[in-house]
$ cat upload.txt   # compact mmCIF, C-alpha atoms
# COMPACT_ATOMS: atom_id res chain seq x y z
CA ALA A 2 117.92 90.81 92.49
CA PHE A 3 114.35 89.52 92.10
CA ARG A 4 115.55 86.35 90.39
CA ASN A 5 118.15 85.73 93.09
CA PHE A 6 115.78 86.44 96.01
CA GLU A 7 117.97 89.29 97.29
CA PHE A 8 114.98 91.30 98.50
CA TYR A 9 113.41 90.57 101.87
CA ALA A 10 111.16 92.28 104.42
CA ASP A 11 111.94 93.40 107.96
CA LEU A 12 109.03 93.40 110.43
CA GLN A 13 108.55 96.52 112.53
CA PRO A 14 106.16 95.99 115.46
CA ILE A 15 103.32 98.44 116.12
CA VAL A 16 102.36 98.47 119.78
CA ASP A 17 99.11 99.40 121.52
CA SER A 18 99.98 102.28 123.88
CA ASN A 19 97.45 101.12 126.50
CA THR A 20 98.27 97.41 126.67
CA SER A 21 101.92 97.54 125.49
CA LYS A 22 101.13 94.52 123.30
CA ILE A 23 102.04 94.17 119.63
CA GLU A 24 98.91 94.57 117.53
CA ARG A 25 100.29 94.72 113.99
CA PHE A 26 103.48 94.78 111.94
CA GLU A 27 104.74 97.01 109.17
CA LEU A 28 106.82 95.26 106.53
CA LEU A 29 109.83 97.25 105.35
CA ALA A 30 111.46 96.24 102.06
CA ARG A 31 115.20 95.56 102.22
CA TRP A 32 117.84 94.57 99.66
CA HIS A 33 121.02 92.64 100.45
CA HIS A 34 123.32 92.44 97.44
CA PRO A 35 125.76 89.47 97.52
CA ALA A 36 128.74 91.67 96.54
CA ILE A 37 127.80 95.16 97.73
CA GLY A 38 125.97 94.18 100.88
CA ARG A 39 122.96 96.02 102.26
CA ILE A 40 121.58 98.71 99.93
CA ALA A 41 119.50 101.49 101.48
CA PRO A 42 115.83 101.89 100.42
CA ASP A 43 116.55 105.53 99.53
CA ASP A 44 118.90 104.16 96.87
CA PHE A 45 116.95 101.23 95.45
CA ILE A 46 113.35 102.50 95.63
CA PRO A 47 113.96 105.38 93.14
CA LEU A 48 115.81 102.90 90.91
CA LEU A 49 112.83 100.54 90.88
CA GLU A 50 110.51 103.47 90.10
CA ARG A 51 112.66 104.64 87.19
CA THR A 52 112.79 101.13 85.72
CA ASN A 53 109.03 100.57 86.25
CA THR A 54 109.60 97.51 88.44
CA ILE A 55 108.43 99.00 91.75
CA HIS A 56 105.13 97.10 91.47
CA GLU A 57 107.05 93.84 91.60
CA LEU A 58 108.50 94.83 94.97
CA ASP A 59 105.06 95.88 96.28
CA LEU A 60 103.61 92.49 95.36
CA TYR A 61 106.61 90.62 96.76
CA VAL A 62 106.27 92.41 100.12
CA LEU A 63 102.50 91.72 100.14
CA GLU A 64 103.21 88.03 99.65
CA GLN A 65 105.81 88.16 102.43
CA ALA A 66 103.23 89.84 104.68
CA ILE A 67 100.73 87.05 104.15
CA GLN A 68 103.34 84.36 104.79
CA HIS A 69 104.50 86.07 108.00
CA HIS A 70 100.86 86.51 109.09
CA GLN A 71 100.28 82.78 108.74
CA THR A 72 103.54 81.89 110.54
CA LEU A 73 102.78 84.24 113.44
CA TYR A 74 99.30 82.78 113.76
CA ARG A 75 100.73 79.27 114.01
CA LEU A 76 103.27 80.40 116.63
CA PHE A 77 101.11 82.67 118.79
CA ASN A 78 97.50 81.89 117.82
CA LYS A 79 96.96 85.59 117.05
CA LYS A 80 96.03 87.16 113.73
CA TYR A 81 98.11 90.32 113.37
CA ILE A 82 97.34 93.09 110.91
CA MET A 83 100.17 93.34 108.39
CA CYS A 84 100.94 96.78 106.89
CA VAL A 85 102.53 97.12 103.45
CA ASN A 86 103.48 100.21 101.44
CA LEU A 87 102.17 100.95 97.97
CA SER A 88 103.81 103.07 95.29
CA VAL A 89 101.85 105.52 93.14
CA LYS A 90 103.15 103.89 89.95
CA HIS A 91 101.76 100.55 91.10
CA ILE A 92 98.33 101.94 92.00
CA ASN A 93 98.11 103.63 88.61
CA ARG A 94 98.55 100.34 86.78
CA SER A 95 95.42 98.95 85.14
CA ASP A 96 95.99 95.49 86.70
CA PHE A 97 96.59 96.84 90.22
CA ILE A 98 93.40 95.54 91.87
CA TYR A 99 93.49 92.23 90.02
CA ARG A 100 97.06 91.41 91.05
CA LEU A 101 96.48 92.33 94.70
CA THR A 102 93.31 90.26 95.00
CA SER A 103 94.88 87.35 93.13
CA ILE A 104 97.65 87.01 95.73
CA VAL A 105 95.20 87.26 98.62
CA ASP A 106 92.90 84.68 97.03
CA ARG A 107 95.80 82.30 96.36
CA TYR A 108 96.69 82.24 100.05
CA LYS A 109 93.04 82.25 101.16
CA MET A 110 93.90 85.34 103.24
CA ASP A 111 91.19 87.48 104.82
CA PRO A 112 91.97 90.98 103.44
CA LYS A 113 90.89 92.65 106.70
CA TYR A 114 94.33 91.70 108.06
CA ILE A 115 96.12 93.60 105.27
CA GLU A 116 96.59 97.35 105.67
CA LEU A 117 97.74 99.15 102.54
CA GLU A 118 99.83 102.24 103.30
CA VAL A 119 99.68 105.24 101.00
CA THR A 120 101.21 108.72 101.16
CA GLU A 121 99.57 112.03 100.34
CA SER A 122 101.69 112.39 97.21
CA ILE A 123 99.63 109.53 95.77
CA PHE A 124 96.39 111.49 96.16
CA ILE A 125 97.89 114.65 94.71
CA GLU A 126 98.91 112.86 91.53
CA ASN A 127 95.50 111.45 90.61
CA TYR A 128 92.96 111.75 93.41
CA GLU A 129 89.81 110.55 91.59
CA LEU A 130 91.38 107.37 90.21
CA ILE A 131 93.15 106.50 93.46
CA ASN A 132 90.04 107.09 95.54
CA GLU A 133 87.98 104.94 93.19
CA LYS A 134 90.40 102.02 93.58
CA MET A 135 90.54 102.50 97.36
CA VAL A 136 86.76 102.26 97.56
CA VAL A 137 86.77 98.99 95.59
CA LEU A 138 89.47 97.44 97.78
CA SER A 139 87.86 98.73 100.99
CA ASP A 140 84.59 97.07 99.98
CA ILE A 141 86.52 93.82 99.49
CA GLY A 142 87.87 94.16 103.03
CA PHE A 143 91.33 95.73 102.76
CA ARG A 144 92.33 98.38 105.29
CA PHE A 145 94.04 101.66 104.35
CA SER A 146 96.39 103.97 106.21
CA GLN A 147 97.94 107.29 105.30
CA ASP A 148 101.66 107.22 106.02
CA ASP A 149 103.94 110.08 107.16
CA PHE A 150 101.12 112.51 107.94
CA GLY A 151 102.71 115.87 108.70
CA ASP A 152 105.51 115.66 106.15
CA GLY A 153 105.25 118.09 103.26
CA TYR A 154 101.82 119.66 102.80
CA SER A 155 99.53 117.18 104.53
CA SER A 156 95.88 118.13 104.24
CA LEU A 157 93.14 117.38 106.78
CA SER A 158 90.60 117.44 103.96
CA TYR A 159 91.85 114.05 102.72
CA LEU A 160 91.04 112.48 106.07
CA ALA A 161 87.39 113.43 105.71
CA ARG A 162 87.12 112.35 102.06
CA LEU A 163 89.00 109.06 101.91
CA LYS A 164 88.17 105.64 103.32
CA LEU A 165 91.06 105.53 105.77
CA ASN A 166 91.28 103.19 108.75
CA THR A 167 94.54 104.51 110.14
CA LEU A 168 96.59 107.70 110.20
CA LYS A 169 100.33 107.53 110.83
CA ILE A 170 101.73 110.73 112.33
CA SER A 171 105.21 111.48 111.02
CA LYS A 172 108.15 111.10 113.38
CA SER A 173 109.15 114.66 112.41
CA PHE A 174 106.43 115.83 114.83
CA VAL A 175 107.65 113.50 117.56
CA SER A 176 111.23 114.68 117.36
CA ASN A 177 110.09 118.29 117.96
CA LEU A 178 107.59 117.83 120.79
CA SER A 179 109.51 120.36 122.86
CA GLU A 180 107.92 123.04 120.67
CA THR A 181 104.49 124.05 122.00
CA ASN A 182 102.99 124.51 118.55
CA ASN A 183 103.98 120.98 117.56
CA LYS A 184 102.26 119.57 120.66
CA ILE A 185 99.09 121.52 119.83
CA LEU A 186 99.16 120.30 116.22
CA VAL A 187 99.60 116.66 117.26
CA GLU A 188 96.76 116.88 119.79
CA SER A 189 94.50 118.48 117.17
CA ILE A 190 95.30 115.81 114.57
CA MET A 191 94.58 113.03 117.07
CA LEU A 192 91.30 114.62 118.15
CA PHE A 193 90.24 115.15 114.53
CA SER A 194 91.07 111.53 113.68
CA LYS A 195 89.17 110.20 116.70
CA LYS A 196 86.07 112.13 115.63
CA LEU A 197 86.34 110.45 112.22
CA ASN A 198 86.84 107.02 113.83
CA ILE A 199 90.36 106.77 112.38
CA GLU A 200 93.03 104.96 114.41
CA VAL A 201 96.26 106.85 115.02
CA ILE A 202 99.79 105.45 114.92
CA VAL A 203 102.66 107.65 116.05
CA GLU A 204 106.04 106.97 114.45
CA GLY A 205 109.33 107.48 116.26
CA VAL A 206 108.29 106.96 119.91
CA GLU A 207 111.59 105.84 121.46
CA ASP A 208 111.44 106.81 125.13
CA PHE A 209 108.98 106.52 128.03
CA GLY A 210 108.42 110.28 128.32
CA THR A 211 107.19 110.51 124.72
CA LEU A 212 105.09 107.38 125.17
CA GLU A 213 103.45 108.83 128.26
CA PHE A 214 102.66 112.08 126.44
CA PHE A 215 100.76 110.21 123.73
CA ARG A 216 99.02 107.97 126.24

$ encode --input "upload.txt" --output "structure tokens"
Amino acid sequence: AFRNFEFYADLQPIVDSNTSKIERFELLARWHHPAIGRIAPDDFIPLLERTNTIHELDLYVLEQAIQHHQTLYRLFNKKYIMCVNLSVKHINRSDFIYRLTSIVDRYKMDPKYIELEVTESIFIENYELINEKMVVLSDIGFRFSQDDFGDGYSSLSYLARLKLNTLKISKSFVSNLSETNNKILVESIMLFSKKLNIEVIVEGVEDFGTLEFFR
């Protein structure tokens, strides 16, 4: 699939709730097999992890992000932040930082326009090592976001300890806003993040009523 360029990246826009303008894009890895057709990420991501090739997909999507960033700049004269996901197996590799910075340097890309998305499961596996690498990359200029906050056993303590620029609230909260406790939790998370100067992205906003609530 890598040799035949069957992987590609879809761009999901992230919109400023105040201006309604696109401010950044998240790149979502996709696989279209010539015989089978479209293969779901839930099927191919675990396969790549088991075969220890997930880092190749991470790097491919990062390269796609940089290329799209440059294309969008030529088209619209605006430098969008591009968000890419990282796997724990990739971060744990000894050449992780080197390979990331090599791609950015090759394209002469300012790393402040790259936001690396991590999940809490990454911190649980090896917090000290992961945090150390995040500090190095943050000092270089990369941004970091925690993805799917609210799924599983998300901890507020990580927000205070890590060098995060952005927090992404899980769509599981959004789909249950009719429950009072969920509304209180979301408001508390947003207030806590604001105090820490962390931007908040809410996933799964699909109607004007939900948008207005978060505004």

$ closest_residue --input "upload.txt" --among "A:Asn177, A:Asn93, A:Ser194, A:Asn19" --to "Lys134 in chain A" --atoms "all atoms listed in the file"
A:Asn93

$ closest_residue --input "upload.txt" --among "A:Lys79, A:Arg144, A:His56, A:His33" --to "Arg100 in chain A" --atoms "only C-alpha atoms"
A:His56

$ closest_residue --input "upload.txt" --among "A:Tyr114, A:Trp32, A:Tyr108, A:Phe45" --to "Val85 in chain A" --atoms "all atoms listed in the file"
A:Tyr114

$ closest_residue --input "upload.txt" --among "A:Leu58, A:His91, A:Asp43, A:Val175" --to "Phe6 in chain A" --atoms "only C-alpha atoms"
A:Leu58

$ closest_residue --input "upload.txt" --among "A:Gln68, A:Ser139, A:Ser171, A:Asn78" --to "Arg107 in chain A" --atoms "all atoms listed in the file"
A:Gln68

$ residues_near_point --input "upload.txt" --point "(118.2, 86.4, 91.6)" --cutoff "12 Å" --atoms "all atoms listed in the file" --output "MDAnalysis selection string"
chainID A and resid 2:8 32:35

$ atom_distance --input "upload.txt" --atom1 "CA of Asp59 in chain A" --atom2 "CA of Asp17 in chain A"
26.2 Å

$ closest_atom_pairs --input "upload.txt" --of "range 76-175 of chain A" --to "range 197-200 of chain A" --cutoff "12 Å" --atoms "only C-alpha atoms" --output "tab-separated table"
residue	atom	partner	partner_atom	distance
A:Arg144	CA	A:Ile199	CA	11.2
A:Phe145	CA	A:Ile199	CA	10.2
A:Ser146	CA	A:Glu200	CA	8.9
A:Gln147	CA	A:Ile199	CA	10.4
A:Leu157	CA	A:Leu197	CA	11.1
A:Ser158	CA	A:Leu197	CA	11.6
A:Tyr159	CA	A:Leu197	CA	11.6
A:Leu160	CA	A:Leu197	CA	8.0
A:Ala161	CA	A:Leu197	CA	7.2
A:Arg162	CA	A:Leu197	CA	10.4
A:Leu163	CA	A:Leu197	CA	10.7
A:Lys164	CA	A:Ile199	CA	9.4
A:Leu165	CA	A:Ile199	CA	6.8
A:Asn166	CA	A:Ile199	CA	5.2
A:Thr167	CA	A:Glu200	CA	4.6
A:Leu168	CA	A:Glu200	CA	6.2
A:Lys169	CA	A:Glu200	CA	8.5
A:Ile170	CA	A:Glu200	CA	10.6

$ atom_distance --input "upload.txt" --atom1 "CA of Thr54 in chain A" --atom2 "CA of Arg31 in chain A"
15.0 Å

$ closest_residue --input "upload.txt" --among "A:Arg39, A:Lys196, A:Arg25, A:Arg94" --to "Ile55 in chain A" --atoms "all atoms listed in the file"
A:Arg94

$ atom_distance --input "upload.txt" --atom1 "CA of Asp111 in chain A" --atom2 "CA of Gly142 in chain A"
7.7 Å

$ residues_around --input "upload.txt" --residues "Phe174 in chain A" --least-positions-apart "3" --cutoff "10 Å" --atoms "only C-alpha atoms" --output "PyMOL selection string"
chain A and resi 149-152+170-171+177-180+183-184+186-187+203-205

$ residues_around --input "upload.txt" --residues "range 95-97 of chain A" --least-positions-apart "3" --cutoff "12 Å" --atoms "all atoms listed in the file" --output "ChimeraX atom specification"
/A:56-57,59-60,87-92,100-104,130-131,134-135,137-138

$ residues_around --input "upload.txt" --residues "Ile15 in chain A" --least-positions-apart "5" --cutoff "12 Å" --atoms "all atoms listed in the file" --output "VMD selection string"
chain A and resid 20 to 28 81 to 84 169 201 to 206

$ build_atoms --input "upload.txt" --residues "range 97-117 of chain A" --atoms "N, CA, C and O atoms" --output "mmCIF file, in the frame of the given file"
data_model
loop_
_atom_site.group_PDB
_atom_site.id
_atom_site.type_symbol
_atom_site.label_atom_id
_atom_site.label_comp_id
_atom_site.auth_asym_id
_atom_site.auth_seq_id
_atom_site.Cartn_x
_atom_site.Cartn_y
_atom_site.Cartn_z
ATOM 1 N N PHE A 97 96.261 96.696 88.809
ATOM 2 C CA PHE A 97 96.590 96.840 90.220
ATOM 3 C C PHE A 97 95.657 96.023 91.122
ATOM 4 O O PHE A 97 96.091 95.194 91.920
ATOM 5 N N ILE A 98 94.363 96.225 91.004
ATOM 6 C CA ILE A 98 93.400 95.540 91.870
ATOM 7 C C ILE A 98 93.435 94.032 91.627
ATOM 8 O O ILE A 98 93.423 93.233 92.571
ATOM 9 N N TYR A 99 93.492 93.651 90.366
ATOM 10 C CA TYR A 99 93.490 92.230 90.020
ATOM 11 C C TYR A 99 94.673 91.504 90.646
ATOM 12 O O TYR A 99 94.520 90.423 91.238
ATOM 13 N N ARG A 100 95.866 92.096 90.550
ATOM 14 C CA ARG A 100 97.060 91.410 91.050
ATOM 15 C C ARG A 100 97.059 91.325 92.580
ATOM 16 O O ARG A 100 97.470 90.314 93.155
ATOM 17 N N LEU A 101 96.567 92.365 93.235
ATOM 18 C CA LEU A 101 96.480 92.330 94.700
ATOM 19 C C LEU A 101 95.514 91.236 95.165
ATOM 20 O O LEU A 101 95.844 90.426 96.029
ATOM 21 N N THR A 102 94.339 91.228 94.578
ATOM 22 C CA THR A 102 93.310 90.260 95.000
ATOM 23 C C THR A 102 93.703 88.834 94.613
ATOM 24 O O THR A 102 93.347 87.889 95.325
ATOM 25 N N SER A 103 94.453 88.687 93.541
ATOM 26 C CA SER A 103 94.880 87.350 93.130
ATOM 27 C C SER A 103 95.802 86.720 94.173
ATOM 28 O O SER A 103 95.683 85.535 94.500
ATOM 29 N N ILE A 104 96.732 87.518 94.706
ATOM 30 C CA ILE A 104 97.650 87.010 95.730
ATOM 31 C C ILE A 104 96.894 86.646 97.000
ATOM 32 O O ILE A 104 97.108 85.586 97.598
ATOM 33 N N VAL A 105 95.993 87.514 97.411
ATOM 34 C CA VAL A 105 95.200 87.260 98.620
ATOM 35 C C VAL A 105 94.352 85.998 98.460
ATOM 36 O O VAL A 105 94.265 85.160 99.369
ATOM 37 N N ASP A 106 93.740 85.848 97.292
ATOM 38 C CA ASP A 106 92.900 84.680 97.030
ATOM 39 C C ASP A 106 93.740 83.395 97.012
ATOM 40 O O ASP A 106 93.290 82.349 97.508
ATOM 41 N N ARG A 107 94.937 83.486 96.452
ATOM 42 C CA ARG A 107 95.800 82.300 96.360
ATOM 43 C C ARG A 107 96.153 81.758 97.729
ATOM 44 O O ARG A 107 96.239 80.546 97.942
ATOM 45 N N TYR A 108 96.345 82.659 98.696
ATOM 46 C CA TYR A 108 96.690 82.240 100.050
ATOM 47 C C TYR A 108 95.464 82.079 100.960
ATOM 48 O O TYR A 108 95.613 81.761 102.134
ATOM 49 N N LYS A 109 94.281 82.316 100.375
ATOM 50 C CA LYS A 109 93.040 82.250 101.160
ATOM 51 C C LYS A 109 93.136 83.166 102.395
ATOM 52 O O LYS A 109 92.731 82.795 103.505
ATOM 53 N N MET A 110 93.659 84.362 102.183
ATOM 54 C CA MET A 110 93.900 85.340 103.240
ATOM 55 C C MET A 110 92.710 86.280 103.368
ATOM 56 O O MET A 110 92.208 86.794 102.370
ATOM 57 N N ASP A 111 92.246 86.505 104.598
ATOM 58 C CA ASP A 111 91.190 87.480 104.820
ATOM 59 C C ASP A 111 91.798 88.876 104.671
ATOM 60 O O ASP A 111 92.704 89.246 105.425
ATOM 61 N N PRO A 112 91.343 89.675 103.689
ATOM 62 C CA PRO A 112 91.970 90.980 103.440
ATOM 63 C C PRO A 112 91.870 91.974 104.584
ATOM 64 O O PRO A 112 92.587 92.975 104.596
ATOM 65 N N LYS A 113 91.007 91.708 105.583
ATOM 66 C CA LYS A 113 90.890 92.650 106.700
ATOM 67 C C LYS A 113 92.159 92.682 107.557
ATOM 68 O O LYS A 113 92.322 93.567 108.389
ATOM 69 N N TYR A 114 93.069 91.710 107.333
ATOM 70 C CA TYR A 114 94.330 91.700 108.060
ATOM 71 C C TYR A 114 95.470 92.322 107.245
ATOM 72 O O TYR A 114 96.629 92.258 107.655
ATOM 73 N N ILE A 115 95.128 92.908 106.091
ATOM 74 C CA ILE A 115 96.120 93.600 105.270
ATOM 75 C C ILE A 115 95.799 95.084 105.267
ATOM 76 O O ILE A 115 94.691 95.484 104.892
ATOM 77 N N GLU A 116 96.754 95.896 105.710
ATOM 78 C CA GLU A 116 96.590 97.350 105.670
ATOM 79 C C GLU A 116 97.549 97.917 104.628
ATOM 80 O O GLU A 116 98.766 97.735 104.732
ATOM 81 N N LEU A 117 96.971 98.582 103.642
ATOM 82 C CA LEU A 117 97.740 99.150 102.540
ATOM 83 C C LEU A 117 98.093 100.595 102.874
ATOM 84 O O LEU A 117 97.206 101.414 103.105
#
